[in-house]
Amino acid sequence: MSTSLADHLRSLPDESLAALLQLRPDLVVPVPADMAALAIRAQSRVSVSRALDGLDQFTLQIMDAARLTRDPADGTTSVDGVLALATIGPNPPAPTAVRAAVDRLRARFLLYGPDSALHLVGGIDEISPYPAGLGRPATELDPRTAALCADPAKLRRTLLAAPPSARAILDRLAAGPPVGSVPPGALQAPAVGADDDLPPDDTNGGAATGSPVRWLVDHRLLVRVSGGKGGTTGMVELPREIGLLLRRETGPLGPLRSSPPEVAATPREPKAADSAGAGQTMEVVRHTEALLEQLAAEPAPVLRSGGLGVRDLRRLARATGSDESTAALLLEVAYAAGLTGEMELPGTAGRYGADQQVLPTAGYEMWRAGSLAQRWEQLARAWLTMTRQVGLVGQRDDRDRPITVLSAEAERAGAPAARRAVLGVLAELEPASAPSVEEVLALLDWQAPRRSRGRENTHREVLAEAATLGVTGLGALTSYGRLLLLAEATASEHGATDDPLGLLAEAEDGGSAVRALDTLLPAPVDHFLVQADLTVVVPGPPEPALAAELEVVAEPESAGGASVHRITTSSVRRALDAGYSADDLHDLFRRRSRTPVPQGLTYLVDDAARKHGGLRIGSAGAYLRSDDEALLAEVLADRRVEALALRRLAPTVLVTPYQGGRLLSVLREAGYAPVAEDATGATVLTRPKTRRAPARVSVASRALDPLATPRLPLPRLLGVVEQMRRGDAVARAARRAPAVVRGTTPDGPTPAHGHHEALAVLQQAVRDRALVWVGYVDAHGATASRLVRPVSLGAGYLRAEDERTEMLHTFALHRITAAVLEK
C-alpha cells in the first residue's frame, strides 16, 4: 500500500503535491526525506486523524461509502460504486455533490488512484473501525449468523418476531455504533427448570421475554464479541447485513445532507446588533478597569495550589457590581492580556516557597492610556488566543477539588480552536444573523462532527462569553468582531514566519477592527457638567487626561455611558496634597465645565486651600511649625493630641518624639489641615502609591490555535517538494549502488540500508518473527538503537517487542534510519 501511494505521489506534478501539503501541513513537520517517507506519514494514524477532523459530515459519509464498496480481493473501489451506494435512500444527494466530496477526499489523499480503482489509505480503518456506523460482516463474526443472513426470508421473519424491547435495541445499534456492552448476566441462559427472574415485558403484552439482549443473541441477531475488563461486562455487535436491513428506510449511509442545516432565525438589524455589542464593550472595559483597580488597592493572594481563592473572587465581584462568572472571565482575560501578574512578597519565603499576590502589571498603565476600542481589542484578542476554559471555574477536578480562577486545572489546549469554530460558524452566515444555540451546535456538528461531538458544553460557554465581551450583539456576530476574527485567522494561518517584523499584525489587527468599533462608540469627551449639589456629570467616556484629573479631584459615584462624580472636602484636600493650588483647581473647573461653576464649589476650594498647609510637619522625631503662633498654641492646648507629647521649641515650632506620619494622621483626625515638608522646607507632594507586578506578554502575540500547524506559503512548499524529489533521487542511486556489508557494531546497527531497504528488512522480520536491530531518531533528535522482535508494520508505525524488558515499543516509520537482522 505504501509503495503504491509513493509511486502515485511521484507521478504528480509539483503543484499538486504543494496543494496536498497546504491541506495537510502536518506532513512537512519535519520535512520528509523522500516520497516514500511522505507516503508513510500520509497514512499514519495521527496524520489521517487530523485530516478527518477537518471534514464535514457529508464528506465523511461519502468516505464510508467508499469503504463499504471496496472489493475484498484488492481493496479498491470506484466512483461509480460510491455513487450507486450514496444514491440509495429516500432523499439521495445530487451526483455532483457526491463527486465533489470524492474530490475533497482525493485532494487530501485519503483516496487516491483512478476513478475505476480508488484506494483508501490504511490508517482510516484503524481510526474508524465501523464504516457508517455498521458492524463487521456476519462471515467475520459467526458462521451461524452468516447462515441466517444468507436466507433473507428467514432473517425478515426473525426480525418481525423480535419483542419490542429487543427491537428497540436493534434500532439503537443500527444507528451506530454497532457495538454495546451489557452485564454478563444478561447473556447467560437461566438454569434448566428455573424460572426466569426477569420481570414481564410490558411492551410485549405482559408476556415474559427475559433479557432482550439474550433473546437477540439466541436468535443470531446479535453476536457476542470479546470485550470488557475483568469479565464484568460483555460485548455484543450487530452484523453489517442486519444493520443494512434495518436502515432500508434511510439508506445504507443513514440520512445524507450535502449542505449544512439552514438557520431559521430572523436576521437582526445590522446597526442594532453592532450598537448592542458596542455598548457591551464599554461595560467590559469599565468592569475590567474596576477589577484591576481593586486588585491594585488590595492585591489578591495566590493559593498554595495555584489560582485565586473563592473569597477573593466574591470580593472582587461585589466591588465591581458584577456576578462571579463575569468577574472570573474578566480576570482570566486580563491575565491573558498581560494586564495582571504575580509578585512575590519579600521576606515571606517559607517551606513551600515565596508567597505571591496577583496585582496589575506595568502594562496596565499603557492599557489605560489607550482608547476604548484599543483597550477592548486587546482584551478580545487575548480571549481568542488564551488556552483557558473559564467555564470550568467553580467545577470539581478529578480529585474533587474546586477549580479556581487562574489555576492550572482550567488550562485547555483546545480552547482557542473551540472559539474559532463557534465564531467561524457565525461568520459564515449572513451578516447580523442570530441563530439559536441549538442551531449553532447543529451547524458545528455538520461542519466538523469529529471535533464537535462531545464538546457541546464548551461551545455553549463560548457563545455566552462572546456575548459578555461584546464580540456578538443580540446573538449575531458584530461587524468589528468579524474583522477581528478575520485578522486573527489570517495571522494563525500564515504564522509568525511570514511577518518577522510584525508589520502585517499591526496593519490588520490594530487597524480595521479598532476603526470599526471607534465609529460605533461615543466620542470621548473633554468636558463635564458641574451641578449645584457639587456633582460632576461626564456626558460620555472621558478622555484619558480628563479621567486622570477626575480621579484626583472627585469621588466616583456611578459609572456608565454618563458617569457621575462628587466633589468633597477630602477630594479637594487630596488634590491639594497632589500639588494642585487653589488657582489650579479654579482653572480646572472653569476650563472643563460646560456649566457655570457653582459658588459653593468656589467656597469649598478656597476654604480647603486656606486651611491646607497652615501647619507644617517635618522630621525630628517630627516637628510642627507655623507662622501663626496662636494656631500653635491652640494645638499645644488641644487635649485630642496629648498623645503626641508636643512641646514648644520656639514661638513657631513644636516637636514630638513620634514620626511625621503619625503626627500628620493624628492632626488630620483632630480636624486640622497640616501638610508635610522636607528638610529644605519644600512641600512634599503625595499621590497614592501603586504597586505593580512584573510586566507580562499578552497571549495574543501567539498563534490563535497552539495545536495548529502554521500553513506555509506556496513558494516554500514548492521548495519542500523539490527537496523530497532530490531525496528520492538519492535513494534510487543508493539502491543501484553495490550492497554494503551488513552487521552490527558495539553501538548498534550499521546503517547499511536506505529508508526503503530498512522497510523491506522490517517486513521480512515481521514475517519471520526474527530479531532485528532498529536505528531511529528519538523525540529529542538523538540517534539510538534497540534490538527488538517486530510484531506488526502498518499505518506508519512499527510495533515491536523488546525481549529483554518484555515491553512493547512503537516506532514511527519516518524516524527509522536503519534496520539490520540480528546474526
# chains A, B, ... in the order shown; residues from 1 in each chain; ligands from 1
>>> select_by_dssp(residues="segment 220-434 of chain A", states="strand (DSSP E or B)", output="VMD selection string")
chain A and resid 223 to 225 234 to 237 300 to 302 308 340 to 344 350 353 356 to 361 388 396 402 405 411
>>> write_last_selection(atoms="N, CA, C and O atoms", output="mmCIF file, in the first residue's frame")
data_model
loop_
_atom_site.group_PDB
_atom_site.id
_atom_site.type_symbol
_atom_site.label_atom_id
_atom_site.label_comp_id
_atom_site.auth_asym_id
_atom_site.auth_seq_id
_atom_site.Cartn_x
_atom_site.Cartn_y
_atom_site.Cartn_z
ATOM 1 N N VAL A 223 -24.237 -10.759 17.975
ATOM 2 C CA VAL A 223 -23.129 -11.700 18.141
ATOM 3 C C VAL A 223 -22.290 -11.247 19.321
ATOM 4 O O VAL A 223 -21.943 -10.061 19.435
ATOM 5 N N ARG A 224 -21.988 -12.184 20.207
ATOM 6 C CA ARG A 224 -21.091 -11.879 21.317
ATOM 7 C C ARG A 224 -19.665 -11.746 20.800
ATOM 8 O O ARG A 224 -19.203 -12.556 20.001
ATOM 9 N N VAL A 225 -19.002 -10.696 21.252
ATOM 10 C CA VAL A 225 -17.610 -10.470 20.873
ATOM 11 C C VAL A 225 -16.808 -10.263 22.144
ATOM 12 O O VAL A 225 -17.345 -9.981 23.222
ATOM 13 N N GLY A 234 -20.037 -7.733 29.151
ATOM 14 C CA GLY A 234 -19.939 -8.437 27.895
ATOM 15 C C GLY A 234 -20.169 -7.460 26.751
ATOM 16 O O GLY A 234 -20.726 -6.387 26.926
ATOM 17 N N MET A 235 -19.745 -7.858 25.540
ATOM 18 C CA MET A 235 -19.883 -7.004 24.361
ATOM 19 C C MET A 235 -20.658 -7.768 23.313
ATOM 20 O O MET A 235 -20.470 -8.978 23.111
ATOM 21 N N VAL A 236 -21.533 -7.049 22.632
ATOM 22 C CA VAL A 236 -22.298 -7.621 21.529
ATOM 23 C C VAL A 236 -22.133 -6.699 20.332
ATOM 24 O O VAL A 236 -21.887 -5.497 20.475
ATOM 25 N N GLU A 237 -22.258 -7.262 19.131
ATOM 26 C CA GLU A 237 -22.098 -6.496 17.898
ATOM 27 C C GLU A 237 -23.210 -6.860 16.939
ATOM 28 O O GLU A 237 -23.600 -8.035 16.807
ATOM 29 N N ALA A 300 -4.755 40.293 45.574
ATOM 30 C CA ALA A 300 -5.307 39.002 45.974
ATOM 31 C C ALA A 300 -4.188 37.987 46.136
ATOM 32 O O ALA A 300 -3.352 37.842 45.238
ATOM 33 N N PRO A 301 -4.118 37.283 47.258
ATOM 34 C CA PRO A 301 -3.057 36.288 47.449
ATOM 35 C C PRO A 301 -3.277 35.058 46.577
ATOM 36 O O PRO A 301 -4.413 34.674 46.286
ATOM 37 N N VAL A 302 -2.179 34.465 46.150
ATOM 38 C CA VAL A 302 -2.226 33.246 45.344
ATOM 39 C C VAL A 302 -2.266 32.041 46.281
ATOM 40 O O VAL A 302 -1.479 31.963 47.237
ATOM 41 N N LEU A 308 -6.665 32.003 42.457
ATOM 42 C CA LEU A 308 -7.233 32.873 43.484
ATOM 43 C C LEU A 308 -8.332 32.148 44.227
ATOM 44 O O LEU A 308 -9.049 31.319 43.658
ATOM 45 N N THR A 340 -2.376 41.715 34.351
ATOM 46 C CA THR A 340 -2.146 41.311 35.734
ATOM 47 C C THR A 340 -1.049 40.263 35.764
ATOM 48 O O THR A 340 -0.758 39.613 34.747
ATOM 49 N N GLY A 341 -0.471 40.097 36.917
ATOM 50 C CA GLY A 341 0.603 39.121 37.087
ATOM 51 C C GLY A 341 0.854 38.864 38.565
ATOM 52 O O GLY A 341 0.242 39.491 39.446
ATOM 53 N N GLU A 342 1.739 37.946 38.846
ATOM 54 C CA GLU A 342 2.084 37.599 40.218
ATOM 55 C C GLU A 342 3.326 38.358 40.650
ATOM 56 O O GLU A 342 4.246 38.558 39.862
ATOM 57 N N MET A 343 3.345 38.763 41.906
ATOM 58 C CA MET A 343 4.511 39.398 42.512
ATOM 59 C C MET A 343 4.815 38.669 43.816
ATOM 60 O O MET A 343 3.912 38.439 44.629
ATOM 61 N N GLU A 344 6.062 38.301 43.990
ATOM 62 C CA GLU A 344 6.470 37.626 45.217
ATOM 63 C C GLU A 344 6.605 38.646 46.339
ATOM 64 O O GLU A 344 7.173 39.722 46.168
ATOM 65 N N GLY A 350 9.024 30.650 52.547
ATOM 66 C CA GLY A 350 8.929 29.644 53.603
ATOM 67 C C GLY A 350 9.230 28.271 53.072
ATOM 68 O O GLY A 350 9.949 28.085 52.099
ATOM 69 N N GLY A 353 8.015 27.835 49.482
ATOM 70 C CA GLY A 353 8.373 28.861 48.527
ATOM 71 C C GLY A 353 7.789 30.208 48.922
ATOM 72 O O GLY A 353 7.114 30.363 49.941
ATOM 73 N N GLN A 356 2.862 34.774 47.007
ATOM 74 C CA GLN A 356 2.665 35.630 45.847
ATOM 75 C C GLN A 356 1.304 36.317 45.931
ATOM 76 O O GLN A 356 0.376 35.829 46.592
ATOM 77 N N GLN A 357 1.213 37.440 45.269
ATOM 78 C CA GLN A 357 -0.030 38.177 45.146
ATOM 79 C C GLN A 357 -0.261 38.521 43.685
ATOM 80 O O GLN A 357 0.688 38.716 42.931
ATOM 81 N N VAL A 358 -1.532 38.592 43.302
ATOM 82 C CA VAL A 358 -1.914 38.996 41.943
ATOM 83 C C VAL A 358 -2.289 40.469 41.990
ATOM 84 O O VAL A 358 -3.136 40.876 42.794
ATOM 85 N N LEU A 359 -1.666 41.255 41.142
ATOM 86 C CA LEU A 359 -1.944 42.685 41.048
ATOM 87 C C LEU A 359 -1.623 43.156 39.643
ATOM 88 O O LEU A 359 -0.995 42.430 38.860
ATOM 89 N N PRO A 360 -2.046 44.360 39.273
ATOM 90 C CA PRO A 360 -1.794 44.838 37.910
ATOM 91 C C PRO A 360 -0.303 44.956 37.600
ATOM 92 O O PRO A 360 0.525 45.178 38.476
ATOM 93 N N THR A 361 0.015 44.799 36.317
ATOM 94 C CA THR A 361 1.387 44.932 35.851
ATOM 95 C C THR A 361 1.619 46.342 35.317
ATOM 96 O O THR A 361 0.705 47.173 35.265
ATOM 97 N N ARG A 388 -7.402 28.899 28.056
ATOM 98 C CA ARG A 388 -8.098 28.777 29.324
ATOM 99 C C ARG A 388 -9.584 28.563 29.043
ATOM 100 O O ARG A 388 -10.155 29.217 28.188
ATOM 101 N N ARG A 396 -15.520 20.859 39.830
ATOM 102 C CA ARG A 396 -14.615 19.997 40.589
ATOM 103 C C ARG A 396 -13.677 19.264 39.647
ATOM 104 O O ARG A 396 -14.085 18.842 38.550
ATOM 105 N N PRO A 402 -12.207 22.092 44.121
ATOM 106 C CA PRO A 402 -12.787 23.144 43.259
ATOM 107 C C PRO A 402 -11.730 23.751 42.346
ATOM 108 O O PRO A 402 -10.585 23.969 42.738
ATOM 109 N N VAL A 405 -10.078 30.422 39.846
ATOM 110 C CA VAL A 405 -9.618 31.351 38.811
ATOM 111 C C VAL A 405 -8.088 31.331 38.746
ATOM 112 O O VAL A 405 -7.408 31.306 39.773
ATOM 113 N N GLU A 411 -6.693 24.975 32.430
ATOM 114 C CA GLU A 411 -5.932 25.049 31.181
ATOM 115 C C GLU A 411 -6.435 23.989 30.205
ATOM 116 O O GLU A 411 -6.532 22.809 30.530
#
>>> closest_residue(among="A:Arg815, A:Arg566, A:Arg648, A:Arg67", to="Ala132 of chain A", atoms="only C-alpha atoms")
A:Arg67
>>> residues_around(residues="Asp627 of chain A", least_positions_apart="4", cutoff="9 Å", atoms="only C-alpha atoms", output="list in words")
Gly614, Leu615, Leu631, Leu632, Pro651, Thr652 and Val653 of chain A
>>> atom_distance(atom1="atom CA of Asp171 of chain A", atom2="atom CA of Leu159 of chain A")
11.1 Å
>>> residues_around(residues="segment 670-684 of chain A", least_positions_apart="2", cutoff="12 Å", atoms="only C-alpha atoms", output="number ranges by chain")
A: 569-570, 572-574, 576-581, 607-620, 622-626, 631-632, 634-635, 638-642, 659-668, 686-687
>>> closest_atom_pairs(of="segment 340-406 of chain A", to="segment 539-563 of chain A", cutoff="10 Å", atoms="only C-alpha atoms", output="CSV")
residue,atom,partner,partner_atom,distance
A:Arg368,CA,A:Pro544,CA,7.5
A:Ala369,CA,A:Pro544,CA,5.9
A:Gly370,CA,A:Pro544,CA,7.7
A:Ser371,CA,A:Pro544,CA,8.0
A:Leu372,CA,A:Pro541,CA,8.3
>>> residues_around(residues="Leu392 of chain A", least_positions_apart="5", cutoff="12 Å", atoms="only C-alpha atoms", output="short mmCIF file (atom, residue, chain, number, x, y, z; two decimals) with C-alpha atoms, in the first residue's frame")
data_model
loop_
_atom_site.label_atom_id
_atom_site.label_comp_id
_atom_site.auth_asym_id
_atom_site.auth_seq_id
_atom_site.Cartn_x
_atom_site.Cartn_y
_atom_site.Cartn_z
CA SER A 325 -18.83 34.21 36.42
CA ALA A 328 -13.83 35.17 36.62
CA LEU A 329 -13.95 35.72 32.84
CA GLU A 332 -8.73 35.35 33.14
CA ASP A 397 -11.47 18.37 39.24
CA ARG A 401 -11.21 19.89 44.48
CA PRO A 402 -12.79 23.14 43.26
CA ILE A 403 -11.24 24.69 40.14
CA THR A 404 -10.36 28.29 40.93
CA VAL A 405 -9.62 31.35 38.81
CA LEU A 406 -6.11 31.34 37.25
CA SER A 407 -5.47 27.77 38.43
CA ALA A 408 -3.72 25.24 36.21
CA GLU A 409 -6.78 22.95 36.19
CA ALA A 410 -8.62 25.36 33.86
CA GLU A 411 -5.93 25.05 31.18
CA ARG A 412 -7.24 23.52 27.95
CA ALA A 415 -9.95 26.23 23.86
CA ASN A 457 -20.98 22.47 26.72
CA THR A 458 -17.74 24.14 25.66
CA GLU A 461 -19.75 28.64 27.01
#
>>> residues_around(residues="Thr320 of chain A", least_positions_apart="3", cutoff="8 Å", atoms="only C-alpha atoms", output="PyMOL selection string")
chain A and resi 287+290-291+316-317
